[in-house]
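File shown here: target.cif, holding mmCIF, C-alpha atoms.
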data_query
loop_
_atom_site.label_atom_id
_atom_site.label_comp_id
_atom_site.auth_asym_id
_atom_site.auth_seq_id
_atom_site.Cartn_x
_atom_site.Cartn_y
_atom_site.Cartn_z
CA MET A 219 51.18 12.58 -28.53
CA VAL A 220 52.48 15.02 -25.91
CA VAL A 221 50.86 15.33 -22.50
CA VAL A 222 51.60 18.51 -20.54
CA ILE A 223 51.68 18.06 -16.77
CA PRO A 224 52.51 20.96 -14.41
CA ARG A 225 54.98 20.15 -11.69
CA LEU A 226 57.23 21.65 -9.07
CA LEU A 227 60.95 21.68 -9.69
CA ARG A 228 63.35 21.33 -6.93
CA GLY A 229 66.36 22.34 -5.14
CA SER A 230 69.44 21.24 -3.28
CA LEU A 231 70.44 24.10 -1.11
CA GLY A 232 67.22 25.17 -2.46
CA THR A 233 65.91 25.19 -5.99
CA ILE A 234 62.37 25.70 -6.97
CA CYS A 235 60.34 26.53 -10.01
CA THR A 236 56.97 25.50 -11.31
CA GLN A 237 57.06 24.31 -14.87
CA ALA A 238 54.96 22.79 -17.57
CA ALA A 239 56.90 20.13 -19.41
CA PRO A 240 55.97 17.75 -22.19
CA LEU A 241 56.12 14.04 -21.38
CA ARG A 242 56.75 11.93 -24.39
CA SER A 243 54.98 8.90 -25.70
CA THR A 244 57.53 8.82 -28.52
CA PRO A 245 61.32 9.28 -28.18
CA SER A 246 62.40 12.86 -27.60
CA ALA A 247 65.71 14.43 -26.62
CA LEU A 248 64.37 16.84 -24.08
CA ARG A 249 61.97 17.77 -21.34
CA TYR A 250 61.35 21.50 -21.33
CA PHE A 251 60.52 24.02 -18.62
CA THR A 252 58.94 27.33 -19.36
CA ARG A 253 57.16 28.90 -16.39
CA SER A 254 58.25 29.81 -12.89
CA SER A 255 56.61 30.85 -9.67
CA VAL A 256 57.60 31.47 -6.07
CA MET A 257 56.19 29.65 -3.08
CA LYS A 258 54.90 32.04 -0.45
CA SER A 259 55.44 30.94 3.10
CA LYS A 260 56.67 32.48 6.31
CA ARG A 261 58.71 29.33 6.94
CA ARG A 262 61.23 28.32 4.33
CA PRO A 263 59.95 25.01 2.91
CA ASP A 264 62.37 22.11 2.96
CA HIS A 265 63.48 20.09 -0.04
CA LEU A 266 60.76 17.43 0.16
CA GLU A 267 58.03 20.07 0.51
CA ARG A 268 59.31 22.01 -2.49
CA THR A 269 59.49 18.91 -4.64
CA ALA A 270 56.42 17.03 -3.42
CA ASP A 271 54.89 17.05 -6.91
CA VAL A 272 58.07 16.11 -8.76
CA VAL A 273 58.21 12.57 -10.12
CA ARG A 274 60.99 10.42 -8.67
CA GLN A 275 62.64 7.48 -10.39
CA GLU A 276 60.12 4.66 -10.38
CA ILE A 277 59.97 0.93 -11.02
CA PHE A 278 57.14 -1.48 -11.62
CA LEU A 279 56.72 -4.59 -9.50
CA HIS A 280 55.36 -7.52 -11.45
CA ILE A 281 52.96 -9.77 -9.55
CA GLN A 282 51.40 -12.88 -11.04
CA THR A 283 47.78 -13.40 -9.91
CA THR A 284 45.04 -15.81 -10.87
CA GLU A 285 43.73 -13.05 -13.16
CA GLY A 286 47.05 -12.52 -14.88
CA LEU A 287 50.09 -10.27 -14.55
CA ILE A 288 49.61 -6.91 -12.81
CA HIS A 289 51.98 -4.19 -11.64
CA GLN A 290 51.89 -3.16 -8.00
CA PRO A 291 54.42 -1.32 -5.88
CA GLU A 292 55.75 -2.90 -2.74
CA GLY A 293 53.81 -1.72 0.31
CA VAL A 294 50.94 -0.29 -1.73
CA HIS A 295 47.65 -2.16 -1.71
CA GLY A 296 44.42 -1.89 -3.63
CA LEU A 297 46.10 -0.52 -6.80
CA GLY A 298 45.99 -3.64 -8.89
CA ASN A 299 43.10 -2.59 -11.13
CA LYS A 300 43.42 -3.75 -14.68
CA GLY A 301 44.80 -1.00 -16.89
CA SER A 302 46.44 0.90 -14.04
CA SER A 303 50.20 1.37 -13.71
CA PRO A 304 51.10 1.93 -10.05
CA VAL A 305 54.79 2.24 -9.29
CA THR A 306 57.17 2.59 -6.38
CA SER A 307 60.05 5.04 -6.13
CA VAL A 308 63.59 3.71 -5.93
CA VAL A 309 65.48 4.51 -2.70
CA SER A 310 68.97 3.04 -2.88
CA ALA A 311 71.69 2.54 -0.31
CA ALA A 312 74.93 4.37 -1.06
CA LYS A 313 78.39 4.38 0.51
CA VAL A 314 80.75 7.35 0.54
CA CYS A 315 83.96 6.30 -1.19
CA GLY A 316 85.50 9.72 -1.78
CA VAL A 317 85.45 13.10 0.00
CA ALA A 318 87.42 16.12 -1.21
CA SER A 319 87.38 19.91 -1.09
CA GLU A 320 86.40 21.22 -4.50
CA SER A 321 86.73 24.84 -3.30
CA PRO A 322 87.02 26.63 0.06
CA SER A 323 83.23 26.34 0.46
CA VAL A 324 82.32 23.20 -1.51
CA LYS A 325 82.82 19.51 -0.68
CA ARG A 326 82.77 16.89 -3.41
CA LEU A 327 81.43 13.41 -2.63
CA ARG A 328 81.80 10.22 -4.60
CA LEU A 329 79.13 7.63 -3.78
CA LEU A 330 79.01 3.94 -4.63
CA VAL A 331 75.46 2.84 -5.52
CA THR A 332 75.33 -0.88 -6.24
CA ASP A 333 71.54 -1.07 -6.70
CA LYS A 334 71.02 -1.96 -10.38
CA ASP A 335 67.59 -0.29 -10.36
CA PHE A 336 69.21 3.08 -9.62
CA SER A 337 69.74 5.26 -12.69
CA PHE A 338 69.54 8.92 -13.63
CA LYS A 339 69.59 11.34 -16.55
CA ALA A 340 72.20 14.08 -16.93
CA GLY A 341 71.00 17.12 -14.98
CA GLN A 342 68.87 15.33 -12.39
CA TRP A 343 69.24 15.46 -8.59
CA VAL A 344 68.92 13.11 -5.64
CA ASP A 345 66.96 13.15 -2.42
CA PHE A 346 69.76 12.59 0.11
CA PHE A 347 68.85 10.59 3.23
CA ILE A 348 71.29 10.62 6.17
CA PRO A 349 70.89 8.24 9.14
CA GLY A 350 70.17 10.28 12.27
CA VAL A 351 69.40 13.48 10.34
CA SER A 352 65.67 14.16 10.03
CA VAL A 353 65.98 16.72 7.22
CA VAL A 354 66.33 15.29 3.70
CA GLY A 355 68.78 17.03 1.40
CA GLY A 356 68.46 17.60 -2.32
CA PHE A 357 71.67 17.75 -4.35
CA SER A 358 72.29 17.76 -8.09
CA ILE A 359 74.43 14.99 -9.52
CA CYS A 360 77.51 16.45 -11.25
CA SER A 361 78.85 13.23 -12.78
CA SER A 362 77.71 11.65 -16.05
CA PRO A 363 75.33 8.70 -16.37
CA ARG A 364 78.19 6.81 -18.01
CA LEU A 365 80.21 6.82 -14.76
CA LEU A 366 77.29 5.13 -13.01
CA GLU A 367 76.93 2.58 -15.80
CA GLN A 368 80.62 1.70 -15.76
CA GLU A 369 81.61 2.04 -12.10
CA ARG A 370 78.29 2.34 -10.18
CA MET A 371 79.47 5.76 -8.94
CA ILE A 372 77.84 9.17 -8.74
CA GLU A 373 79.36 12.48 -7.66
CA LEU A 374 77.84 15.41 -5.75
CA ALA A 375 79.28 18.83 -4.89
CA VAL A 376 77.73 20.51 -1.85
CA LYS A 377 78.24 24.10 -0.72
CA HIS A 378 78.60 24.81 3.00
CA ALA A 379 75.32 26.11 4.44
CA ASN A 380 73.49 26.25 7.73
CA HIS A 381 71.32 23.34 6.64
CA PRO A 382 71.48 19.94 8.37
CA PRO A 383 72.37 17.80 5.33
CA ALA A 384 75.02 20.27 4.13
CA LEU A 385 76.43 20.60 7.65
CA TRP A 386 76.65 16.81 7.96
CA ILE A 387 78.53 16.56 4.66
CA HIS A 388 81.01 19.26 5.66
CA ASN A 389 81.50 18.31 9.32
CA GLN A 390 80.71 14.62 9.82
CA CYS A 391 80.82 12.73 6.53
CA THR A 392 83.76 10.34 6.18
CA LEU A 393 84.85 7.50 3.94
CA ASP A 394 82.46 4.54 4.25
CA SER A 395 79.63 6.68 5.66
CA GLU A 396 76.34 5.12 4.61
CA VAL A 397 73.44 7.14 3.18
CA ALA A 398 70.51 6.56 0.83
CA VAL A 399 69.58 8.33 -2.40
CA ARG A 400 66.55 8.66 -4.69
CA VAL A 401 66.60 10.29 -8.13
CA GLY A 402 64.19 13.06 -9.06
CA GLY A 403 63.87 16.16 -11.22
CA GLU A 404 62.77 17.09 -14.70
CA PHE A 405 65.75 19.30 -15.63
CA PHE A 406 67.82 17.06 -17.86
CA PHE A 407 69.25 16.37 -21.30
CA ASP A 408 68.53 12.87 -22.55
CA PRO A 409 68.72 12.67 -26.36
CA GLN A 410 67.85 9.48 -28.20
CA PRO A 411 70.07 8.24 -31.09
CA THR A 412 67.61 9.28 -33.81
CA ASP A 413 66.76 12.73 -32.41
CA ALA A 414 67.74 15.86 -34.33
CA SER A 415 71.16 17.28 -33.53
CA ARG A 416 71.08 20.21 -31.11
CA ASN A 417 73.56 22.80 -29.88
CA LEU A 418 73.61 23.50 -26.16
CA VAL A 419 74.34 26.71 -24.27
CA LEU A 420 74.82 26.02 -20.56
CA ILE A 421 74.59 29.07 -18.28
CA ALA A 422 75.76 28.49 -14.69
CA GLY A 423 76.05 30.63 -11.59
CA GLY A 424 78.01 29.40 -8.55
CA VAL A 425 77.07 25.86 -7.49
CA GLY A 426 74.50 25.91 -10.28
CA ILE A 427 77.33 24.36 -12.29
CA ASN A 428 76.50 20.92 -10.85
CA PRO A 429 73.65 19.74 -13.12
CA LEU A 430 75.20 21.55 -16.08
CA LEU A 431 78.51 19.76 -15.56
CA SER A 432 76.60 16.48 -15.64
CA ILE A 433 75.05 17.56 -18.96
CA LEU A 434 78.46 18.69 -20.28
CA ARG A 435 80.04 15.37 -19.32
CA HIS A 436 77.16 13.48 -20.91
CA ALA A 437 77.60 15.48 -24.12
CA ALA A 438 81.30 14.53 -24.12
CA ASP A 439 80.37 10.85 -23.69
CA LEU A 440 78.00 11.14 -26.66
CA LEU A 441 80.78 12.72 -28.75
CA ARG A 442 83.16 9.89 -27.81
CA GLU A 443 80.56 7.26 -28.68
CA ARG A 444 79.89 8.85 -32.06
CA ALA A 445 83.63 9.10 -32.79
CA SER A 446 84.43 5.52 -31.79
CA LYS A 447 81.38 3.69 -33.15
CA GLY A 448 80.20 5.96 -35.94
CA GLN A 449 76.68 5.80 -34.56
CA GLY A 450 74.54 7.15 -31.76
CA TYR A 451 73.25 10.66 -31.16
CA GLU A 452 74.91 13.38 -33.24
CA MET A 453 75.84 16.04 -30.71
CA GLY A 454 76.04 19.66 -31.84
CA THR A 455 78.28 22.25 -30.20
CA VAL A 456 78.27 22.95 -26.45
CA ARG A 457 79.07 26.35 -24.97
CA LEU A 458 79.46 26.77 -21.20
CA LEU A 459 79.07 30.25 -19.68
CA TYR A 460 79.97 30.00 -16.01
CA SER A 461 80.15 32.78 -13.41
CA ALA A 462 81.43 32.72 -9.82
CA LYS A 463 82.81 35.17 -7.27
CA ASP A 464 86.46 34.36 -8.03
CA THR A 465 88.60 31.63 -9.55
CA SER A 466 88.74 29.70 -6.26
CA GLU A 467 84.95 29.28 -6.48
CA LEU A 468 84.93 28.23 -10.13
CA LEU A 469 84.28 24.55 -9.51
CA PHE A 470 85.65 21.74 -11.67
CA LYS A 471 87.95 24.06 -13.64
CA LYS A 472 90.36 21.30 -14.65
CA ASN A 473 87.56 18.92 -15.67
CA ILE A 474 85.94 21.61 -17.80
CA LEU A 475 89.17 22.67 -19.52
CA ASP A 476 90.13 19.04 -20.16
CA LEU A 477 86.87 18.60 -22.11
CA VAL A 478 87.47 21.86 -24.02
CA ASN A 479 90.92 20.60 -25.01
CA GLU A 480 89.63 17.14 -25.90
CA PHE A 481 86.89 18.52 -28.17
CA PRO A 482 88.12 21.94 -29.36
CA GLU A 483 85.71 21.96 -32.32
CA LYS A 484 82.69 21.02 -30.23
CA ILE A 485 83.07 22.29 -26.65
CA ALA A 486 83.95 25.83 -25.56
CA CYS A 487 83.75 27.71 -22.28
CA SER A 488 83.78 31.26 -20.98
CA LEU A 489 84.54 31.55 -17.27
CA HIS A 490 83.50 34.74 -15.47
CA VAL A 491 84.62 36.13 -12.10
CA THR A 492 82.81 39.02 -10.46
CA LYS A 493 84.94 39.76 -7.36
CA GLN A 494 88.45 38.59 -8.18
CA THR A 495 91.07 40.04 -5.78
CA THR A 496 94.11 37.91 -6.66
CA GLN A 497 96.10 37.45 -9.84
CA ILE A 498 94.60 35.02 -12.32
CA THR A 499 96.97 32.17 -13.17
CA ALA A 500 98.39 31.85 -16.67
CA ASP A 501 96.61 28.58 -17.43
CA LEU A 502 93.21 30.12 -16.67
CA ARG A 503 93.75 33.56 -18.16
CA PRO A 504 92.68 32.66 -21.75
CA TYR A 505 89.29 31.48 -20.48
CA ILE A 506 88.57 34.12 -17.82
CA THR A 507 86.52 37.28 -18.19
CA GLU A 508 86.32 39.67 -15.26
CA GLY A 509 82.69 40.68 -14.84
CA GLY A 510 79.41 38.84 -15.18
CA ILE A 511 77.91 37.01 -18.14
CA THR A 512 76.49 39.57 -20.56
CA GLN A 513 73.34 39.75 -22.64
CA LYS A 514 75.46 40.00 -25.80
CA GLU A 515 77.22 36.72 -25.04
CA ILE A 516 73.85 35.02 -24.77
CA ARG A 517 72.43 36.62 -27.91
CA ASP A 518 75.52 35.64 -29.93
CA HIS A 519 74.60 31.97 -29.52
CA ILE A 520 70.91 32.09 -30.39
CA SER A 521 69.83 29.84 -33.25
CA LYS A 522 66.88 27.62 -34.03
CA GLU A 523 69.03 24.53 -33.30
CA THR A 524 70.17 25.74 -29.87
CA LEU A 525 68.79 24.81 -26.47
CA PHE A 526 69.56 26.87 -23.36
CA TYR A 527 70.00 25.35 -19.91
CA ILE A 528 70.27 27.81 -17.00
CA CYS A 529 71.00 27.02 -13.35
CA GLY A 530 71.85 29.53 -10.66
CA PRO A 531 70.35 32.00 -8.19
CA PRO A 532 66.78 33.16 -8.95
CA PRO A 533 67.75 36.70 -10.14
CA MET A 534 70.16 35.18 -12.64
CA THR A 535 67.78 32.57 -14.01
CA ASP A 536 64.96 35.11 -14.20
CA PHE A 537 67.13 37.63 -16.02
CA PHE A 538 68.50 35.29 -18.66
CA SER A 539 65.29 33.37 -19.28
CA LYS A 540 63.45 36.68 -19.85
CA GLU A 541 66.28 37.95 -22.02
CA LEU A 542 66.06 34.84 -24.19
CA GLU A 543 62.29 35.12 -24.48
CA SER A 544 62.58 38.78 -25.48
CA SER A 545 65.07 37.66 -28.15
CA HIS A 546 62.35 35.35 -29.53
CA VAL A 547 63.87 32.09 -28.37
CA PRO A 548 60.97 29.61 -28.13
CA ARG A 549 60.00 28.89 -24.53
CA GLU A 550 60.41 25.17 -25.12
CA HIS A 551 64.10 25.83 -25.89
CA ILE A 552 64.72 27.44 -22.50
CA CYS A 553 65.26 25.08 -19.55
CA PHE A 554 66.07 26.42 -16.11
CA GLU A 555 66.43 25.55 -12.47
CA LYS A 556 66.55 28.03 -9.58
CA TRP A 557 68.66 27.92 -6.44
CA TRP A 558 67.31 29.69 -3.37
#

As structure tokens, how would this structure be written, given the file I've shared?
Amino acid sequence: MVVVIPRLLRGSLGTICTQAAPLRSTPSALRYFTRSSVMKSKRRPDHLERTADVVRQEIFLHIQTTEGLIHQPEGVHGLGNKGSSPVTSVVSAAKVCGVASESPSVKRLRLLVTDKDFSFKAGQWVDFFIPGVSVVGGFSICSSPRLLEQERMIELAVKHANHPPALWIHNQCTLDSEVAVRVGGEFFFDPQPTDASRNLVLIAGGVGINPLLSILRHAADLLRERASKGQGYEMGTVRLLYSAKDTSELLFKKNILDLVNEFPEKIACSLHVTKQTTQITADLRPYITEGGITQKEIRDHISKETLFYICGPPPMTDFFSKELESSHVPREHICFEKWW
């Protein structure tokens, strides 16, 4: 049975879209998003306002009573009715253990999260709580779930902006800075081992690469698992179409090309630059196209087995999602997230 629940999708530097997505009662590879809307307000809403209706990562607290076992979240009272399933969201302490410049305008953070209840799916984001900063940030995770499982680490990449959390990251964050994080978002790829094999087309604009890189890295982990164990989810092909102003703002170039070279039969990329003013280096030249992502590129990859994930500025996500719909791609095969 599939239950459809409308909800508000989020942003980190500002993403928002209203979607209807199926929640599963049986295993399923995907949560889909098909409709968008714009919040109308004279004041730009902050991250928590935009995502107030988005489900965060939750846990059940088990409490033994004289009437039996019930589930009740810490700090919430009067919700222990039989048959109910109240939960509490997971806010976890994190320590900065790596800070680097990913581009002239983007800082990359590596965070240690030791809380075993903290987990995420490829493509999700975190509420980012900073001591002394009243505004809560929202930033997509760009690392894979496997890195968290193995090393208890997550990675974020944050563009400079006149926004308190982004300013703190660029101007004040240092090694061993302490913050807190909470997972949220319904834009993700989370296939189960028995799900049907799917191809992915990932369409990124600017820092919209972040959740798509997490998905790409997760796909690579699934390919490695299948190759080494002969079991697990059978990943189809993955095609990344990624556009930025110039090669200096194409984030994670080396990571992306390393995956292309590791899985030449499965992973491919096309990197686009729209305002390149310097010479493109020889190592990048085979992958670079000058000019934006085209409609033809998108149409060339349409098939009934292919899912499309789009993340970037609103005009870009609107354009490509409408283009896919006009090309008769089912709405449930089009997943997108907008950055304001």

Leaving out region 390-396 of chain A and any residue of its chain fewer than 6 positions from it, which residues lie within 6 Å of it when counting all atoms listed in the file, given as a count of residues only?
4

For this file, the PyMOL selection byres ((chain A and resi 407-421) around 8) selects which residues, as a ChimeraX atom specification?
/A:245-249,339-341,405-406,422-423,430,433,449-460,519,523-529

Under the rule that all atoms listed in the file are counted, which of A:Val324, A:Val351, A:Leu542, A:Leu330 is the nearest residue to Ser521 (chain A)?
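Ranking A:Val324, A:Val351, A:Leu542, A:Leu330 by distance to Ser521 (chain A), first place goes to A:Leu542.
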
Counting all atoms listed in the file, the residue among A:Lys522, A:Lys471, A:Ser432, A:Glu404 that lies closest to Asp271 (chain A) is A:Glu404

Near Arg370 (chain A), counting all atoms listed in the file, which residues have an atom at most 10 Å away, once you skip same-chain residues fewer than 3 positions from it, shown as an mmCIF file with C-alpha atoms, in the coordinates of the input?
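And here is the file that came out, out-v5.cif:
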data_model
loop_
_atom_site.group_PDB
_atom_site.id
_atom_site.type_symbol
_atom_site.label_atom_id
_atom_site.label_comp_id
_atom_site.auth_asym_id
_atom_site.auth_seq_id
_atom_site.Cartn_x
_atom_site.Cartn_y
_atom_site.Cartn_z
ATOM 1 C CA ALA A 312 74.930 4.370 -1.060
ATOM 2 C CA LEU A 329 79.130 7.630 -3.780
ATOM 3 C CA LEU A 330 79.010 3.940 -4.630
ATOM 4 C CA VAL A 331 75.460 2.840 -5.520
ATOM 5 C CA THR A 332 75.330 -0.880 -6.240
ATOM 6 C CA ASP A 333 71.540 -1.070 -6.700
ATOM 7 C CA LYS A 334 71.020 -1.960 -10.380
ATOM 8 C CA PHE A 336 69.210 3.080 -9.620
ATOM 9 C CA SER A 337 69.740 5.260 -12.690
ATOM 10 C CA PRO A 363 75.330 8.700 -16.370
ATOM 11 C CA ARG A 364 78.190 6.810 -18.010
ATOM 12 C CA LEU A 365 80.210 6.820 -14.760
ATOM 13 C CA LEU A 366 77.290 5.130 -13.010
ATOM 14 C CA GLU A 367 76.930 2.580 -15.800
#

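Those residues returned by the PyMOL selection byres ((chain A and resi 501) around 12) for this file are Thr465, Lys471, Lys472, Leu475, Asp476, Gln497, Ile498, Thr499, Ala500, Leu502, Arg503, Pro504, Tyr505 and Ile506 of chain A.
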
Suppose a student applies the PyMOL selection byres ((chain A and resi 325) around 9) to this structure; what residues should they get, written as a list in words?
Val317, Ala318, Ser319, Glu320, Ser321, Pro322, Ser323, Val324, Arg326, Leu327, Leu374, Ala375, Val376, Lys377, His378, Ile387 and His388 of chain A

For CA of Gln342 (chain A) and CA of Glu515 (chain A), the interatomic separation in Å (one decimal):
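Between these atoms lies a distance of 26.2 Å.
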
Out of A:Gly403, A:Pro531, A:Gly316, A:Pro349, which residue has the shortest atom-to-atom distance to Gly426 (chain A) when counting all atoms listed in the file?
A:Pro531

Could you tell me how far CA of Val425 (chain A) sits from CA of Leu266 (chain A), in Å to one decimal place?
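CA of Val425 (chain A) lies 19.9 Å from CA of Leu266 (chain A).
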
Pick the closest to Ala311 (chain A) from A:Val397, A:Ile372, A:Leu385, A:Val353: which is it, counting all atoms listed in the file?
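Looking only at the distances to Ala311 (chain A), the closest residue turns out to be A:Val397.
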